[in-house]
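Participant: Got input-v6.txt for you, compact mmCIF, C-alpha atoms:
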# COMPACT_ATOMS: atom_id res chain seq x y z
CA MET D 1 0.83 29.31 5.98
CA LEU D 2 0.41 26.58 3.44
CA VAL D 3 -3.10 25.65 4.44
CA ARG D 4 -4.42 29.19 4.05
CA GLU D 5 -2.99 29.69 0.60
CA GLN D 6 -5.53 29.86 -2.14
CA LEU D 7 -4.57 28.82 -5.59
CA THR D 8 -3.99 31.81 -7.82
CA MET D 9 -5.36 31.96 -11.30
CA SER D 10 -1.94 31.16 -12.70
CA ASP D 11 -1.82 28.06 -10.53
CA TYR D 12 -5.10 26.97 -12.01
CA ARG D 13 -3.79 27.58 -15.51
CA ASP D 14 -0.59 25.63 -14.85
CA LYS D 15 -2.26 22.74 -13.14
CA ASP D 16 -5.33 22.67 -15.30
CA PRO D 17 -4.06 20.37 -18.07
CA LEU D 18 -2.88 17.92 -15.44
CA ILE D 19 -6.17 18.11 -13.56
CA HIS D 20 -8.10 17.69 -16.76
CA GLY D 21 -6.06 14.62 -17.60
CA ILE D 22 -6.67 13.16 -14.16
CA GLN D 23 -10.38 13.89 -14.23
CA SER D 24 -10.78 12.30 -17.66
CA LYS D 25 -9.34 9.05 -16.32
CA ILE D 26 -11.87 8.65 -13.55
CA ARG D 27 -14.70 6.34 -14.55
CA VAL D 28 -18.24 6.89 -13.35
CA VAL D 29 -20.17 3.67 -12.77
CA PRO D 30 -23.91 4.22 -12.38
CA ASN D 31 -25.98 2.45 -9.74
CA PHE D 32 -23.08 1.13 -7.71
CA PRO D 33 -23.10 -0.04 -4.97
CA LYS D 34 -26.83 0.56 -5.13
CA PRO D 35 -29.39 2.23 -7.43
CA GLY D 36 -29.05 5.98 -7.71
CA ILE D 37 -25.39 6.19 -6.76
CA MET D 38 -22.95 7.37 -9.46
CA PHE D 39 -19.78 5.70 -8.27
CA GLN D 40 -16.50 7.52 -8.92
CA ASP D 41 -14.12 4.75 -9.90
CA ILE D 42 -10.44 5.69 -9.54
CA THR D 43 -9.14 2.31 -10.71
CA THR D 44 -9.09 3.56 -14.28
CA LEU D 45 -6.84 6.42 -13.15
CA LEU D 46 -4.43 3.84 -11.74
CA LEU D 47 -4.22 2.19 -15.16
CA ASP D 48 -2.68 5.33 -16.62
CA PRO D 49 0.85 5.61 -15.20
CA LYS D 50 1.23 9.25 -16.19
CA ALA D 51 -2.10 10.36 -14.77
CA PHE D 52 -1.51 8.38 -11.57
CA LYS D 53 1.94 9.94 -11.22
CA ASP D 54 0.52 13.41 -11.88
CA THR D 55 -2.03 12.82 -9.13
CA ILE D 56 0.67 11.96 -6.62
CA ASP D 57 2.93 14.78 -7.82
CA LEU D 58 0.22 17.38 -7.27
CA PHE D 59 -0.17 16.32 -3.65
CA VAL D 60 3.59 16.04 -3.12
CA GLU D 61 4.16 19.53 -4.50
CA ARG D 62 1.66 20.89 -2.04
CA TYR D 63 2.93 19.08 1.05
CA LYS D 64 6.68 18.61 0.60
CA GLY D 65 8.84 20.66 2.93
CA LYS D 66 5.94 21.53 5.23
CA ASN D 67 7.14 19.51 8.21
CA ILE D 68 4.42 16.92 7.81
CA SER D 69 5.55 13.70 9.48
CA VAL D 70 2.39 11.60 9.18
CA VAL D 71 0.25 10.58 6.23
CA ALA D 72 -2.81 8.70 7.43
CA GLY D 73 -4.64 6.74 4.74
CA ILE D 74 -8.16 5.42 5.02
CA GLU D 75 -8.74 1.79 4.12
CA ALA D 76 -8.67 0.71 1.39
CA ARG D 77 -8.35 3.27 -1.42
CA GLY D 78 -6.50 5.68 0.86
CA PHE D 79 -3.83 2.94 0.97
CA ILE D 80 -3.26 3.46 -2.74
CA PHE D 81 -2.67 7.23 -2.66
CA GLY D 82 -1.26 7.71 0.84
CA PRO D 83 1.98 5.68 0.72
CA PRO D 84 3.40 7.23 -2.48
CA ILE D 85 2.77 10.67 -1.00
CA ALA D 86 4.29 9.67 2.36
CA LEU D 87 7.39 8.24 0.69
CA GLU D 88 7.96 11.36 -1.38
CA ILE D 89 7.54 13.84 1.47
CA GLY D 90 9.48 11.72 3.98
CA ALA D 91 6.54 11.03 6.28
CA LYS D 92 5.45 7.83 7.90
CA PHE D 93 2.33 6.09 6.61
CA VAL D 94 -0.38 5.21 9.11
CA PRO D 95 -3.22 2.97 7.93
CA LEU D 96 -6.66 3.72 9.37
CA ARG D 97 -8.64 0.54 9.22
CA LYS D 98 -12.00 -1.12 9.66
CA PRO D 99 -12.41 -2.93 12.97
CA LYS D 100 -10.29 -5.96 13.86
CA LYS D 101 -7.83 -5.65 10.99
CA LEU D 102 -4.99 -4.01 12.91
CA PRO D 103 -3.17 -6.36 15.29
CA GLY D 104 -2.15 -5.25 18.75
CA LYS D 105 -3.41 -2.23 20.62
CA VAL D 106 -5.70 0.18 18.77
CA ILE D 107 -7.92 3.18 19.43
CA SER D 108 -11.35 3.26 17.79
CA GLU D 109 -13.67 5.98 16.57
CA GLU D 110 -17.27 5.28 15.76
CA TYR D 111 -19.02 7.23 13.03
CA VAL D 112 -22.46 7.45 11.49
CA LEU D 113 -23.45 5.98 8.13
CA GLU D 114 -26.57 6.64 6.14
CA TYR D 115 -28.05 3.63 7.92
CA GLY D 116 -26.24 2.51 11.03
CA LYS D 117 -22.69 3.02 12.23
CA ASP D 118 -19.14 2.00 11.42
CA CYS D 119 -15.82 2.18 13.17
CA LEU D 120 -12.31 3.29 12.21
CA GLU D 121 -9.19 2.14 14.09
CA MET D 122 -5.61 3.33 14.45
CA HIS D 123 -2.64 1.74 16.19
CA VAL D 124 -1.72 3.05 19.61
CA GLY D 125 1.72 4.58 19.39
CA ALA D 126 1.77 5.05 15.63
CA VAL D 127 1.52 8.81 15.99
CA GLU D 128 3.09 11.04 18.66
CA PRO D 129 1.61 14.20 20.14
CA GLY D 130 2.54 17.27 18.21
CA GLU D 131 3.09 15.52 14.90
CA ARG D 132 1.69 17.22 11.83
CA ALA D 133 -0.55 14.94 9.81
CA LEU D 134 -2.41 14.66 6.53
CA VAL D 135 -5.45 12.45 6.05
CA VAL D 136 -5.72 10.94 2.58
CA ASP D 137 -8.60 9.16 0.87
CA ASP D 138 -9.66 8.76 -2.74
CA LEU D 139 -12.92 10.63 -2.27
CA ILE D 140 -14.90 12.75 0.20
CA ALA D 141 -18.65 12.30 0.12
CA THR D 142 -20.48 13.14 3.37
CA GLY D 143 -17.19 13.52 5.23
CA GLY D 144 -18.10 10.99 7.93
CA THR D 145 -15.06 8.80 7.43
CA LEU D 146 -12.63 11.71 7.20
CA CYS D 147 -14.14 13.15 10.32
CA ALA D 148 -13.55 9.91 12.22
CA ALA D 149 -9.98 9.84 10.92
CA MET D 150 -9.33 13.36 12.15
CA GLN D 151 -10.78 12.53 15.53
CA LEU D 152 -8.43 9.58 15.92
CA LEU D 153 -5.39 11.69 15.13
CA GLU D 154 -6.45 14.57 17.33
CA ARG D 155 -7.20 12.26 20.23
CA VAL D 156 -3.54 11.30 20.34
CA GLY D 157 -2.43 14.91 20.10
CA ALA D 158 -1.50 15.13 16.45
CA GLU D 159 -2.30 18.23 14.43
CA VAL D 160 -4.32 17.51 11.31
CA VAL D 161 -2.91 19.98 8.81
CA GLU D 162 -5.23 19.09 5.94
CA CYS D 163 -7.44 16.41 4.45
CA ALA D 164 -6.55 15.50 0.88
CA CYS D 165 -8.71 13.64 -1.59
CA VAL D 166 -8.61 13.06 -5.30
CA ILE D 167 -12.36 13.69 -5.68
CA GLU D 168 -14.98 15.73 -3.85
CA LEU D 169 -18.73 15.36 -4.19
CA PRO D 170 -19.56 18.93 -3.18
CA ASP D 171 -23.33 18.39 -3.21
CA LEU D 172 -22.91 16.13 -0.17
CA LYS D 173 -21.31 18.99 1.78
CA GLY D 174 -18.54 16.89 3.29
CA ARG D 175 -16.28 19.92 3.47
CA GLU D 176 -18.55 21.49 6.06
CA ARG D 177 -18.35 18.41 8.25
CA LEU D 178 -14.63 18.76 8.75
CA ASN D 179 -14.90 21.16 11.69
CA GLY D 180 -12.99 23.90 9.95
CA LYS D 181 -10.15 21.64 8.87
CA PRO D 182 -8.96 22.47 5.38
CA LEU D 183 -9.73 20.14 2.53
CA TYR D 184 -7.75 19.92 -0.67
CA VAL D 185 -9.10 18.06 -3.68
CA LEU D 186 -8.05 17.74 -7.28
CA VAL D 187 -11.41 17.06 -8.90
CA GLU D 188 -14.98 18.03 -8.11
CA SER D 189 -17.85 15.88 -9.30
CA HIS D 190 -21.43 17.07 -9.35
CA MET H 191 18.21 -14.60 -23.35
CA HIS H 192 14.53 -15.25 -22.82
CA ARG H 193 13.07 -13.03 -20.15
CA ALA H 194 11.03 -15.94 -18.87
CA LEU H 195 14.19 -17.69 -17.74
CA ILE H 196 15.57 -14.73 -15.86
CA PHE H 197 13.52 -14.99 -12.76
CA SER H 198 14.39 -18.04 -10.78
CA SER H 199 12.31 -19.28 -7.91
CA LEU H 200 15.55 -20.21 -6.18
CA ASN H 201 17.92 -18.01 -4.31
CA PRO H 202 15.98 -15.10 -3.02
CA ILE H 203 17.84 -12.60 -0.94
CA TYR H 204 16.30 -13.03 2.43
CA SER H 205 17.01 -12.78 6.06
CA LYS H 206 15.54 -14.57 8.99
CA LEU H 207 13.04 -12.35 10.67
CA SER H 208 14.22 -11.14 14.02
CA THR H 209 11.71 -11.56 16.81
CA THR H 210 10.89 -9.02 19.42
CA THR H 211 10.32 -10.16 22.95
CA ALA H 212 8.06 -7.23 23.74
CA SER H 213 4.65 -8.27 25.00
CA PRO H 214 1.81 -8.33 22.48
CA ASP H 215 -0.01 -5.35 23.87
CA SER H 216 2.93 -3.05 24.21
CA ALA H 217 3.04 -0.72 21.27
CA VAL H 218 6.61 -1.06 20.20
CA PHE H 219 7.11 1.52 17.54
CA PRO H 220 10.24 3.15 16.22
CA LYS H 221 10.33 6.87 16.93
CA ARG H 222 11.57 9.50 14.58
CA ASP H 223 14.69 10.11 16.63
CA GLY H 224 15.66 6.45 16.43
CA GLY H 225 14.34 5.50 19.85
CA TRP H 226 11.31 3.38 20.56
CA ILE H 227 7.87 4.05 21.96
CA GLY H 228 7.22 1.38 24.56
CA PRO H 229 9.73 -1.06 26.02
CA PRO H 230 12.83 -1.37 23.87
CA PRO H 231 12.61 -4.57 21.91
CA VAL H 232 15.19 -7.27 22.34
CA PHE H 233 15.90 -8.77 19.00
CA ARG H 234 17.18 -12.25 18.59
CA LEU H 235 19.02 -12.04 15.37
CA GLN H 236 18.78 -15.23 13.43
CA ASN H 237 21.46 -16.38 11.07
CA TYR H 238 21.34 -14.28 7.98
CA LYS H 239 21.56 -16.42 4.95
CA ARG H 240 22.12 -14.73 1.68
CA THR H 241 22.44 -16.06 -1.78
CA LEU H 242 23.31 -13.98 -4.78
CA LEU H 243 20.38 -12.49 -6.60
CA PRO H 244 20.23 -14.04 -10.07
CA PRO H 245 21.12 -11.40 -12.63
CA LEU H 246 18.10 -9.85 -14.29
CA CYS H 247 19.50 -9.40 -17.76
CA SER H 248 17.86 -7.97 -20.76
CA ALA H 249 19.44 -7.03 -24.00
CA SER H 250 20.23 -3.59 -22.72
CA ASP H 251 21.24 -4.48 -19.19
CA SER H 252 24.63 -5.53 -18.04
CA VAL H 253 25.53 -7.27 -14.84
CA ALA H 254 27.31 -4.09 -13.83
CA ASN H 255 23.93 -2.42 -13.54
CA GLN H 256 22.76 -4.86 -10.90
CA PRO H 257 22.80 -3.89 -7.25
CA LYS H 258 26.38 -4.34 -6.12
CA MET H 259 27.11 -7.20 -3.76
CA ALA H 260 30.55 -7.24 -2.23
CA SER H 261 30.68 -10.95 -1.55
CA GLN H 262 28.45 -13.95 -1.67
CA ASP H 263 28.14 -14.09 2.09
CA GLU H 264 27.01 -10.50 2.57
CA GLN H 265 23.43 -9.42 2.64
CA ASP H 266 22.09 -6.18 1.33
CA PRO H 267 22.52 -3.95 4.40
CA ARG H 268 19.03 -2.58 4.00
CA ILE H 269 17.42 -5.95 4.68
CA SER H 270 18.31 -6.17 8.37
CA LYS H 271 16.70 -2.80 9.11
CA ILE H 272 13.60 -3.82 7.19
CA SER H 273 13.43 -7.10 9.06
CA SER H 274 13.84 -5.48 12.45
CA ALA H 275 11.14 -2.93 11.69
CA ILE H 276 8.51 -5.66 11.34
CA ARG H 277 6.60 -6.37 14.52
CA VAL H 278 5.38 -9.84 15.48
CA ILE H 279 2.08 -10.02 17.34
CA PRO H 280 1.38 -13.37 18.99
CA ASN H 281 -2.09 -14.89 18.90
CA PHE H 282 -3.57 -12.64 16.23
CA PRO H 283 -6.07 -13.01 14.66
CA LYS H 284 -6.45 -16.19 16.68
CA PRO H 285 -4.47 -18.25 19.22
CA GLY H 286 -1.32 -19.84 17.86
CA ILE H 287 -0.79 -17.41 14.99
CA MET H 288 2.32 -15.19 15.12
CA PHE H 289 1.12 -12.24 13.06
CA GLN H 290 3.74 -10.39 11.02
CA ASP H 291 2.78 -6.74 11.36
CA ILE H 292 4.22 -4.52 8.62
CA THR H 293 2.62 -1.35 9.95
CA THR H 294 5.71 -0.69 12.06
CA LEU H 295 7.78 -0.86 8.90
CA LEU H 296 5.60 1.88 7.42
CA LEU H 297 6.43 4.10 10.40
CA ASP H 298 10.14 3.88 9.64
CA THR H 299 10.52 6.18 6.68
CA LYS H 300 13.93 4.92 5.65
CA ALA H 301 13.05 1.24 6.01
CA PHE H 302 9.83 1.70 4.02
CA ARG H 303 11.75 3.58 1.35
CA ASP H 304 14.37 0.80 1.25
CA THR H 305 11.68 -1.86 0.94
CA ILE H 306 10.26 -0.18 -2.13
CA ASP H 307 13.73 0.49 -3.56
CA LEU H 308 14.70 -3.17 -3.30
CA PHE H 309 11.70 -4.17 -5.39
CA VAL H 310 12.13 -1.30 -7.83
CA GLU H 311 15.79 -2.14 -8.38
CA ARG H 312 14.81 -5.67 -9.25
CA TYR H 313 11.95 -4.85 -11.62
CA ARG H 314 12.82 -1.54 -13.27
CA GLY H 315 13.59 -1.72 -16.96
CA LYS H 316 12.22 -5.24 -17.33
CA ASP H 317 9.24 -4.36 -19.49
CA ILE H 318 6.74 -4.98 -16.73
CA SER H 319 3.56 -3.04 -17.45
CA VAL H 320 1.31 -4.31 -14.66
CA VAL H 321 1.67 -4.38 -10.90
CA ALA H 322 -1.25 -6.21 -9.32
CA GLY H 323 -1.70 -5.65 -5.60
CA ILE H 324 -3.80 -7.80 -3.32
CA GLU H 325 -6.24 -6.07 -1.00
CA ALA H 326 -5.48 -4.48 1.35
CA ARG H 327 -1.79 -4.54 2.33
CA GLY H 328 -0.77 -5.16 -1.27
CA PHE H 329 -2.28 -1.72 -1.92
CA ILE H 330 0.41 -0.19 0.30
CA PHE H 331 3.44 -1.70 -1.45
CA GLY H 332 2.16 -2.10 -5.00
CA PRO H 333 1.48 1.50 -6.05
CA PRO H 334 4.88 2.96 -5.12
CA ILE H 335 6.54 0.15 -7.06
CA ALA H 336 4.22 0.65 -10.03
CA LEU H 337 4.85 4.39 -10.08
CA ALA H 338 8.62 3.93 -9.95
CA ILE H 339 8.76 1.37 -12.77
CA GLY H 340 6.15 3.08 -14.94
CA ALA H 341 3.58 0.29 -14.72
CA LYS H 342 -0.13 0.48 -14.10
CA PHE H 343 -1.51 -0.59 -10.75
CA VAL H 344 -4.33 -3.13 -10.70
CA PRO H 345 -6.11 -3.77 -7.40
CA MET H 346 -7.21 -7.35 -6.73
CA ARG H 347 -10.14 -7.16 -4.36
CA LYS H 348 -12.56 -9.02 -2.15
CA PRO H 349 -16.01 -9.54 -3.70
CA ASN H 350 -18.36 -6.66 -4.43
CA LYS H 351 -15.79 -3.90 -3.91
CA LEU H 352 -14.87 -3.23 -7.54
CA PRO H 353 -17.59 -1.42 -9.50
CA GLY H 354 -18.43 -2.46 -13.04
CA GLU H 355 -17.54 -5.70 -14.76
CA VAL H 356 -15.21 -8.07 -12.96
CA ILE H 357 -13.86 -11.58 -13.23
CA SER H 358 -13.75 -13.73 -10.10
CA GLU H 359 -11.57 -16.53 -8.81
CA GLU H 360 -12.53 -18.69 -5.88
CA TYR H 361 -9.84 -20.01 -3.59
CA SER H 362 -9.58 -22.18 -0.49
CA LEU H 363 -9.09 -20.96 3.02
CA GLU H 364 -8.26 -23.09 6.03
CA TYR H 365 -12.01 -23.36 6.55
CA GLY H 366 -14.17 -22.53 3.57
CA THR H 367 -13.44 -20.45 0.51
CA ASP H 368 -13.04 -16.83 -0.49
CA ILE H 369 -13.22 -14.95 -3.75
CA MET H 370 -10.85 -12.51 -5.43
CA GLU H 371 -11.93 -10.13 -8.20
CA MET H 372 -10.24 -8.11 -10.91
CA HIS H 373 -11.70 -5.60 -13.35
CA VAL H 374 -12.44 -6.74 -16.86
CA GLY H 375 -10.25 -4.76 -19.22
CA ALA H 376 -7.70 -3.66 -16.64
CA VAL H 377 -5.01 -5.74 -18.28
CA GLN H 378 -4.38 -6.86 -21.85
CA ALA H 379 -3.28 -10.24 -23.12
CA GLY H 380 0.49 -10.35 -23.44
CA GLU H 381 1.23 -7.83 -20.71
CA ARG H 382 3.94 -8.72 -18.21
CA ALA H 383 2.83 -8.52 -14.59
CA LEU H 384 4.04 -8.64 -11.02
CA ILE H 385 1.83 -9.59 -8.12
CA ILE H 386 2.50 -7.86 -4.82
CA ASP H 387 1.37 -8.65 -1.30
CA ASP H 388 2.89 -7.95 2.10
CA LEU H 389 3.24 -11.62 2.97
CA ILE H 390 2.96 -15.12 1.52
CA ALA H 391 1.68 -17.81 3.88
CA THR H 392 -0.02 -20.80 2.23
CA GLY H 393 0.05 -19.11 -1.16
CA GLY H 394 -3.68 -19.47 -1.72
CA THR H 395 -4.34 -15.78 -2.30
CA LEU H 396 -1.35 -15.34 -4.59
CA CYS H 397 -2.43 -18.40 -6.51
CA ALA H 398 -5.87 -16.91 -7.09
CA ALA H 399 -4.27 -13.69 -8.30
CA ILE H 400 -2.04 -15.60 -10.72
CA LYS H 401 -5.08 -17.40 -12.10
CA LEU H 402 -7.02 -14.17 -12.63
CA LEU H 403 -4.20 -12.63 -14.60
CA GLU H 404 -3.45 -15.75 -16.62
CA ARG H 405 -7.11 -16.18 -17.50
CA VAL H 406 -6.91 -12.93 -19.45
CA GLY H 407 -3.64 -13.83 -21.13
CA VAL H 408 -1.19 -11.94 -18.94
CA HIS H 409 2.27 -13.32 -18.26
CA VAL H 410 2.95 -13.32 -14.52
CA VAL H 411 6.66 -12.66 -14.33
CA GLU H 412 7.04 -12.96 -10.55
CA CYS H 413 5.25 -12.74 -7.22
CA ALA H 414 6.87 -10.35 -4.77
CA CYS H 415 6.27 -10.15 -1.03
CA VAL H 416 7.99 -8.47 1.85
CA ILE H 417 7.71 -11.59 4.05
CA GLU H 418 7.56 -15.34 3.47
CA LEU H 419 6.51 -17.97 6.01
CA PRO H 420 8.44 -20.85 4.44
CA GLU H 421 7.03 -23.53 6.71
CA LEU H 422 3.63 -23.00 5.11
CA LYS H 423 5.14 -23.94 1.75
CA GLY H 424 3.41 -21.21 -0.18
CA ARG H 425 6.27 -21.09 -2.65
CA GLU H 426 5.45 -24.61 -3.80
CA ARG H 427 1.84 -23.69 -4.36
CA LEU H 428 2.88 -21.12 -6.93
CA GLY H 429 3.96 -23.87 -9.29
CA ASP H 430 6.29 -22.54 -11.90
CA LYS H 431 5.82 -18.92 -10.89
CA PRO H 432 8.88 -17.42 -9.21
CA LEU H 433 8.62 -15.81 -5.81
CA PHE H 434 10.84 -13.01 -4.52
CA VAL H 435 10.81 -12.02 -0.87
CA LEU H 436 12.92 -9.77 1.31
CA VAL H 437 12.46 -11.49 4.66
CA SER H 438 11.81 -15.08 5.64
CA SER H 439 10.20 -15.81 8.99
CA THR H 440 10.23 -19.18 10.75
Take the structure in this file and express it as C-alpha cells.
Facilitator:
Amino acid sequence: MLVREQLTMSDYRDKDPLIHGIQSKIRVVPNFPKPGIMFQDITTLLLDPKAFKDTIDLFVERYKGKNISVVAGIEARGFIFGPPIALEIGAKFVPLRKPKKLPGKVISEEYVLEYGKDCLEMHVGAVEPGERALVVDDLIATGGTLCAAMQLLERVGAEVVECACVIELPDLKGRERLNGKPLYVLVESH
Amino acid sequence: MHRALIFSSLNPIYSKLSTTTASPDSAVFPKRDGGWIGPPPVFRLQNYKRTLLPPLCSASDSVANQPKMASQDEQDPRISKISSAIRVIPNFPKPGIMFQDITTLLLDTKAFRDTIDLFVERYRGKDISVVAGIEARGFIFGPPIALAIGAKFVPMRKPNKLPGEVISEEYSLEYGTDIMEMHVGAVQAGERALIIDDLIATGGTLCAAIKLLERVGVHVVECACVIELPELKGRERLGDKPLFVLVSST
C-alpha cells in the first residue's frame, strides 16, 4: 500500500539533492504575521521554475497511478500546489475555501484557531462517496486546517488517502492531529 | 517582427457561454462517467463566433507550428466543452449578479487540462518569464501555465497576506477601493509577463496588476482569462494591453 511505504535510504539519497534545492528556495520571514512567528514563505520557491517543478514532480511521482481521483487544495496557497498535481495525476481539483467564497450549495466545517474559530467550506456534489482524495496545502503547522479539510471530505464519504504539504513544522505536532491519517511532506522546519 | 506587435487585443478565440437552466441550489456537477450529479443541465448554446488567432511568430516559430485551424468558421473543439463545464449561479454574491463558477470546470479533468493547454499553446516559446496570478482563482490557473512554459509564478495578493517587503496598488471597486500587493524583488525590469485570472469583469483588478508589474519595469505581454464579461467593458480598461480569453459570457 502506497501510504504505508516508508522511504528507503536510497530514496532519500536520490531525492535529497532535489529536496535540498527546494528547501534552499524557501524564505523565512521573521515576525510575520506577528512577533515571534518565523514565517515560511514559499513564494520564493515559485520564482525558481526548476525548484517549483521539482516540488510538483515529487508529489506526482508519489501519487500517480494510485487511483486518486480528488485533489483538495486549501485556500489560498493550496491552490498553487494542488492543481498542477491534480492535472498530472488525472484527478479533479476541489478548492476548500474560507466562508462565503464558494457560490451555490456548500458544506462547512468549523475549526479552532489559537484565538477563536474559523470555517472551511466545500461544494456539495464536488466529491462522490468512495472517491480517493489527497489534501494539499503549502504547510502544516498545528494541523487544524488540514483536520477540517479531512472532515469535510470524510463527511461526504470520500477516503482521504494522505495529506501532502511542502513544509512541516514538527514542533507544533500537527501530524498527531490528523487522526492517524498519513502525512507526507518534503521539508521539515524547526 | 517585434514581439510587442504580435499580441493583438482583437480577435480572441471565444465562444458564447452556454447557460444552464438548473436552479441555483442544485449542485450540477459533471461526474467521472460523463453523467451529472443533480438534474441534467439544459444548455442553450449560443452562436459560436470564432476568429482566427493571430499568429504568434518569433524568429524561430513558423505559422505551421500554430494550433491548426481547419477553417475560419470553426472553433477549437475544446472550447465548447470548457464553456459547458462552467456553472452559472444566479444572485451570487448579491442579487442581480450571474456568477461564473469555474469550480465545475476544475472537476472535469479533461476540460481543465484543455483550458491550461490552450493557454500554454499560445504562450510557450515566447520568452515569457513571469506568470502573475491574481488571488485566489488566478492561483489555480497561473501555476500550471507557468510550469509548462518554464516561467516563474508570482502571486498578486490582497493586503497583508504576503510576508516581507511588498509594493501596493490601490484600485476602485463598485463601492470603495481595494489594494493589491506584489513582492519586491519577485520580478526584474525587462522581464516579459502574463497576468492570469479566472475572469475579467470591469478590469479593475487586472488594471491594478498591470500597474504593479509596470512600476517595476516589467513588460506585460498579455492578460489572459478563462472568461470575459464583455458588457462590463473590462477590455477597454486595459488600455493598450491585449486580452486573451477562452469564453465570452453575455
Participant: Could you work out how far atom CA of Asp304 of chain H lies from atom CA of Asp266 of chain H, giving the answer in Å with one decimal?
Facilitator: 10.4 Å
Participant: Is there a way to get, as a ChimeraX atom specification, all residues within 9 Å of the point (-5.6, -7.5, 15.6) in file coordinates, counting only C-alpha atoms?
Facilitator: /D:99-106 /H:279,281-284,289
Participant: Go through chain H residue by residue and, counting all atoms listed in the file, keep those with an atom at most 7 Å from chain D; for each kept residue give the shortest atom pair and its distance in Å to one decimal, ordered by chain and increasing number, as CSV.
Facilitator:
residue,atom,partner,partner_atom,distance
H:Pro214,CA,D:Gly104,CA,6.3
H:Asp215,CA,D:Gly104,CA,5.6
H:Ala217,CA,D:Gly125,CA,5.8
H:Phe219,CA,D:Gly125,CA,6.5
H:Ile227,CA,D:Gly125,CA,6.7
H:Ile279,CA,D:Gly104,CA,6.5
H:Phe282,CA,D:Pro103,CA,6.4
H:Leu296,CA,D:Phe93,CA,5.4
H:Leu297,CA,D:Lys92,CA,4.6
H:Asp298,CA,D:Lys92,CA,6.4
H:Thr299,CA,D:Lys92,CA,5.5
H:Arg303,CA,D:Leu87,CA,6.4
H:Ala326,CA,D:Ala76,CA,6.1
H:Phe329,CA,D:Ile80,CA,5.3
H:Ile330,CA,D:Phe79,CA,5.3
H:Pro333,CA,D:Ile80,CA,6.1
H:Pro334,CA,D:Pro84,CA,5.2
H:Leu337,CA,D:Lys53,CA,6.4
H:Gly340,CA,D:Pro49,CA,5.9
H:Ala341,CA,D:Pro49,CA,6.0
H:Lys342,CA,D:Leu47,CA,4.6
H:Phe343,CA,D:Leu46,CA,5.4
H:Val344,CA,D:Leu47,CA,6.9
H:Pro353,CA,D:Phe32,CA,6.3
H:Gly354,CA,D:Val29,CA,6.4
H:Ala376,CA,D:Leu47,CA,7.0
Participant: Extract, using all atoms listed in the file, all DNA, RNA and protein residues at most 10 Å from Ile369 of chain H, discarding same-chain residues fewer than 6 positions from it, and format them as a PyMOL selection string.
Facilitator: chain H and resi 347-350+358-363+395+398
Participant: Figure out the distance between atom CA of Cys163 of chain D and atom CA of Leu183 of chain D, please, to one decimal in Å.
Facilitator: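 Distance reported for this atom pair: 4.8 Å.
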